[in-house]
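Okay, so here's the structure we're looking at.
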Amino acid sequence: MQKLPKWADVGLIPAINLALALIVSGLVVSLIGQDPFEALAIMVRGAVGSTYGWGYTLYYATNFVFTGLAVAIAFHAKLFNIGGEGQAQLGSLGVALVCLAVPWPHWTLALPSAIVGGALFGAAWAAIPGYLQAKRGSHIVITTIMFNFIASALLVYLLVGALKAPGMAPETVRFPEGARLPSAQEILAVVGIPFSRTPLNISFLVALIACWGVWLLLWRMRLGYEIRAFGHSEPAARYAGISPLRITMLTMLISGALAGLMGINAVMGEQERLLQDNVLGAGFVGIAVALMGRSHPVGVLLAAILFGALYQGGAELEFETSVPREMVVVIQALVILFTGALDGMVRGPLEKSFLRFRNKPKPGVPAE
Amino acid sequence: MSFFDIIQILDSTIRLATPLLLACLAGLFSERSGIVDIGLEGKMLVAAFFSAAVAALTGDVWLGMLAGIAASMVFALIHGVASITFRGDQLISGVAINFLAAGMTVLIAQDWFQQGSRTPALTGEARFDTLDLPFAEALSGVPFLGPLYADALSGHTILVYVGFLAVPATWWVLFRTRFGLRLRAVGENPGAVDTAGVSVNRLRYAAVLIAGLLCGLAGAYLATGLAAGFTKDMTAGRGFIALAALIFAKWRPWYALFACLLFGFLQALSNRYSTLDLGLIEIPNAFVLALPYILTVVILAGFVGRATPPRAGGEPYIKER
Amino acid sequence: MSDPAIELRGISKSFGPVHANKDIDLRVMPGTIHGIIGENGAGKSTLMSILYGFYKADRGEIHVRGNKVDIPDSQAAIRAGIGMVFQHFKLVQNFTVLENIVLGAEEGALLKTSLGRARKLLKQLSDEYELHVDPDARIENLGVGMQQRVEILKALYRQADILILDEPTGVLTPSEADHLFRILEGLKREGKTIILITHKLREIMEVTDTVSVMRRGEMTATVKTAETDPEELAELMVGRKVLLQVDKAPAKTGETVLEVRNLQVVDESGVERVRKISLEVKRGEILGIAGVAGNGQSELLEVLGGMREGTGEVLLNGAPLPLAGAGSDARTRRRVGVGHVPEDRQTEGLIMNFYAWENVGFGYHDDPRYNRGPLMNNHALREDAEAKIAKFDVRPANCWHTARNFSGGNQQKIVIARELEREPDLLLVGQPTRGVDIGAIEFIHEQIVALRDQGKAILLVSVELDEIMSLSDRIAVMFDGRIMGERLPADTNERELGLLMAGITDTEHEHSHDEIEQNLAQSSGKAG
């Protein structure tokens, strides 16, 4: 018997969790001597009050969609991939290598190649922890954390060595002009819509396609069916002849590839060169996004936009008041805490009160 | 590399190993009780901030340290409530705690000091003084051992010595006391502890709070001993290196000491040389920095000396027959 | 007469809608060995867990030595002088024997003094009760028999004078079990009270003074062991259930479909679960495997179904099936015509969060019929689901319900529909009617018989004896990983099968009490 109706599970609980996170955030804001409602107003205005705000909000959201989907798909197989950060860094490297390898004549050629590059590198970085989990039983959470650090060391090494551009900064040279992705401003200008100059670029559409793709994979493809079955019950997977090794590996490869795709937005779309850190914590935001979005692509998209708005609103907040943008990190932490770790705090009492309204216990079969 | 260089590297090895060691022992207590702790980083960070901030405001480093410990223990308590009382996911709780610390420290630093998310530089009584071990001066003339004793081992702040003494203390508590026996048991088989009539939750809370205390010391040392004040994200992944050291040490106190000294040594090396020239090959700095993580993965993969974590680690305890 | 060591009055306990214990009264006299017998799921363990403070009873009173006591936790039970040896030992694997015994009962904050004192006391207890065990050995290096001794010593160290043992021989070899019984006799002589929970008649007859029988959460009888016999107990245990009549024609058997030779299964912890058994099932017949749960039937099904590896030889229609490595998985099994209704539909047979229509293809999800390239043909799945739901009368007739939202019987109908509709050459069926309501039971039985009549081979595993009796064309009884014997339903009865299930083989004639005693002595002698 289901303890909670579906709408409560996918709607009510996340809403209560989010509300709790926001209330505590509000308390934090007032503790540091600011008016939480005013802060909220500034953040909302900053994030969605102008095309400029929307541009940045959706730019950030694009990153979070990729990393959020990466975490979400792994969750479906009951794997906690905390290595989105490292996989995204490697993905960025893959994108950069593709962009630098060829004097691209046009972005329509560069983008598909960069997608392949980013996905391959991200997948490769997730493959090792996946393999170690499936074959050697090494806890994937710890190995992916370690791989985050190894990834950043690798990038430092490359950017002060082989890939370093002339000059002081540890970064690559600028990508060729032909690898530049069209921005939202340019695209919308074609159809006559004025839009501010922001880093929002065509990668956003790739992110939407990725959402659709993940949905297709999970709920329409045989592999997704197997991933979900494996995640629900490993004995059932064995009963149905689904190989745990195969599913663990494939899931991690896809997860890593999605995280790696973040590179096309951040590196190709915005920086146009590889920096020491292009990911800036987006890999970790992905955890919050996946938790809030209940690991569903639509939920992930909405949560990613919410977090994009938080990041952009946070930047505005810092600009207009003395509240630093780290306020967003606090909110993010509270969202993870309440939706992830303290889920039982809300769920327990809620289930009880729902049960009270349900049918009374009926005499059934005895149990040992 | 001269003898003087070696002494200097050893000296900085000891300084850099101290926060790792304290955090590693914190993790040891928590994980030995069955509560996985990936929030060491966050607890250290919040302790670093509050110890520096209170030291800066009061001019008293001891008050600062207490504040740091208190803050770290509050965070430990959050982890305890989430993972023990509400049986939440310990990993997710740890992640949340790391972010909470990263955000809160900057927020409060900015509110209190308006110096771009840092505390004022600490001076005088607001920092831990160095201690000279007995006869350091007198023995410094003895060849080799003299400088080793006087320059590398002597002349650290008190928390360094506390950190190193915490190793035998941890060992003693864990293996020689009733509390230690129960703690180790609850991380292996909470059912055994429960049926023996001992509260699983109380033991686990105790362990988690001890972890908070030790992380508090680690953070306090970072901000008021190793550095002179708090800067944003100053833990810089040390909590995760400590976690790596814990796995490397197979959850044992003496091994933890060696793991932390090794990882501290690697940090000291990479701080000093941009590349390591070993004659035949040159080892890049980045590789030295990544070595703790690489070694840990190798250990985890079980290719060299398999590390078996406490059996009940990460699982909330639910009564069953 | 002295006060009972334990007296329970009106104990009731429910888990949600399930009544595990209904108004239980029990008196256990001091200095006796009191057996509690019942089938799996009868509520024995729940009752004892209440006594040991693991669960709190919804209603009822507990009296220990005449005093009403409240037992909210294990600590209170220990204080009341109750010790418990759980079915799954509560030992810390990497601790020494001594450390395990001291844990929770230390004296003072330092271990040294506690361990020193414990060592002396342990020596004393070991000598007194013949419970020899090396105090410095690590638990993980000890065999199960030794580990059980440690558990008993743990209780004695805490000065328990009432000792509860929950299925203590489940993991023991017969000789270890005999040794245990000698220990229990010794404890009884010293004035300890022992409660022995078991489902094995032999043990009850051998060591207990009094026996209480539980069935379906209720205490149905308490009798002096000397005044009863295994037949009566078997009947009390199984109960006179409404015999479900299945109309079936005599089997028209054909050639052999499944042939198993020397099949052996060793589980993850190294325990041999199936001990080199051989059997065969022919076309058009149902071979029923009777037995108490945990005697290797589950592992047998899992190996045949491709969920577990084993050694030996298995032939399907004459062709060998791989038992390990490539081709030994469930997918390949299905491809060669093995259907499988698993014992546990909730963790194996169904994905509880999946819709009914998703579950209809589970295990066959790579069937071209359900696929369009890499995509699932959800439309086909739903169509198929609707057809099956209609044909098998699944209620509610809505393929958009998740498996969780169906009752046990309807969940099982979904599984049965999926596996039977494939018309497999061999159908493996485990506990087909566990937790299924009467109406659905009849329907499921009819379906299984219909498949048989189509000339398919069926291997049925069930702990429900009357199900085995009414469905099977041949019955094999499993005990401790072995097949104790084969019978034809017409030539046997529940009593005989019950004795076989308890590991007693010689039941050729109607026996007097003495003869049974003799048989018991022989069987334990043989084993020892």
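The chains in the structure tokens are called A, B, ... from first to last as shown; in each chain the residues are counted from 1, and the ligands are counted from 1 in the order shown.
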Can you pull out the residues contacting A:Ile305? Cut-off 7 Å, using only C-alpha atoms, and skip same-chain residues under 5 positions away; I want them as a compact mmCIF listing (two decimals) with all heavy atoms, in the first residue's frame.
```txt
# COMPACT_ATOMS: atom_id res chain seq x y z
N THR A 57 20.21 34.08 -15.56
CA THR A 57 19.50 32.99 -14.88
C THR A 57 19.52 31.72 -15.72
O THR A 57 19.88 30.64 -15.24
CB THR A 57 18.05 33.40 -14.61
OG1 THR A 57 18.06 34.44 -13.64
CG2 THR A 57 17.22 32.23 -14.09
N LEU A 58 19.20 31.87 -16.99
CA LEU A 58 19.12 30.69 -17.85
C LEU A 58 20.51 30.17 -18.21
O LEU A 58 20.70 28.97 -18.44
CB LEU A 58 18.30 30.98 -19.10
CG LEU A 58 16.82 31.24 -18.82
CD1 LEU A 58 16.07 31.51 -20.12
CD2 LEU A 58 16.18 30.06 -18.10
N ALA A 61 21.33 28.20 -15.29
CA ALA A 61 20.43 27.04 -15.29
C ALA A 61 20.92 25.98 -16.26
O ALA A 61 20.82 24.78 -15.99
CB ALA A 61 19.02 27.47 -15.64
```
Just the residues within 10 Å of C:Gly31, please, counting only C-alpha atoms, with nothing from its chain fewer than 5 positions along; format it as a ChimeraX atom specification. /C:4-5,161-162,187-194,209
Atom CA of A:Leu111 to atom CA of A:Tyr52, distance in Å rounded to a single decimal: 24.6 Å
When you get a sec, could you note down which chain A residues fall within 7 Å of chain B, using only C-alpha atoms, as a VMD selection string? chain A and resid 32 132 136 138 143 146 149 to 150 153 to 154 156 to 157 323 to 324 326 to 327 329 to 330 333 to 334 336 to 337 340 to 345
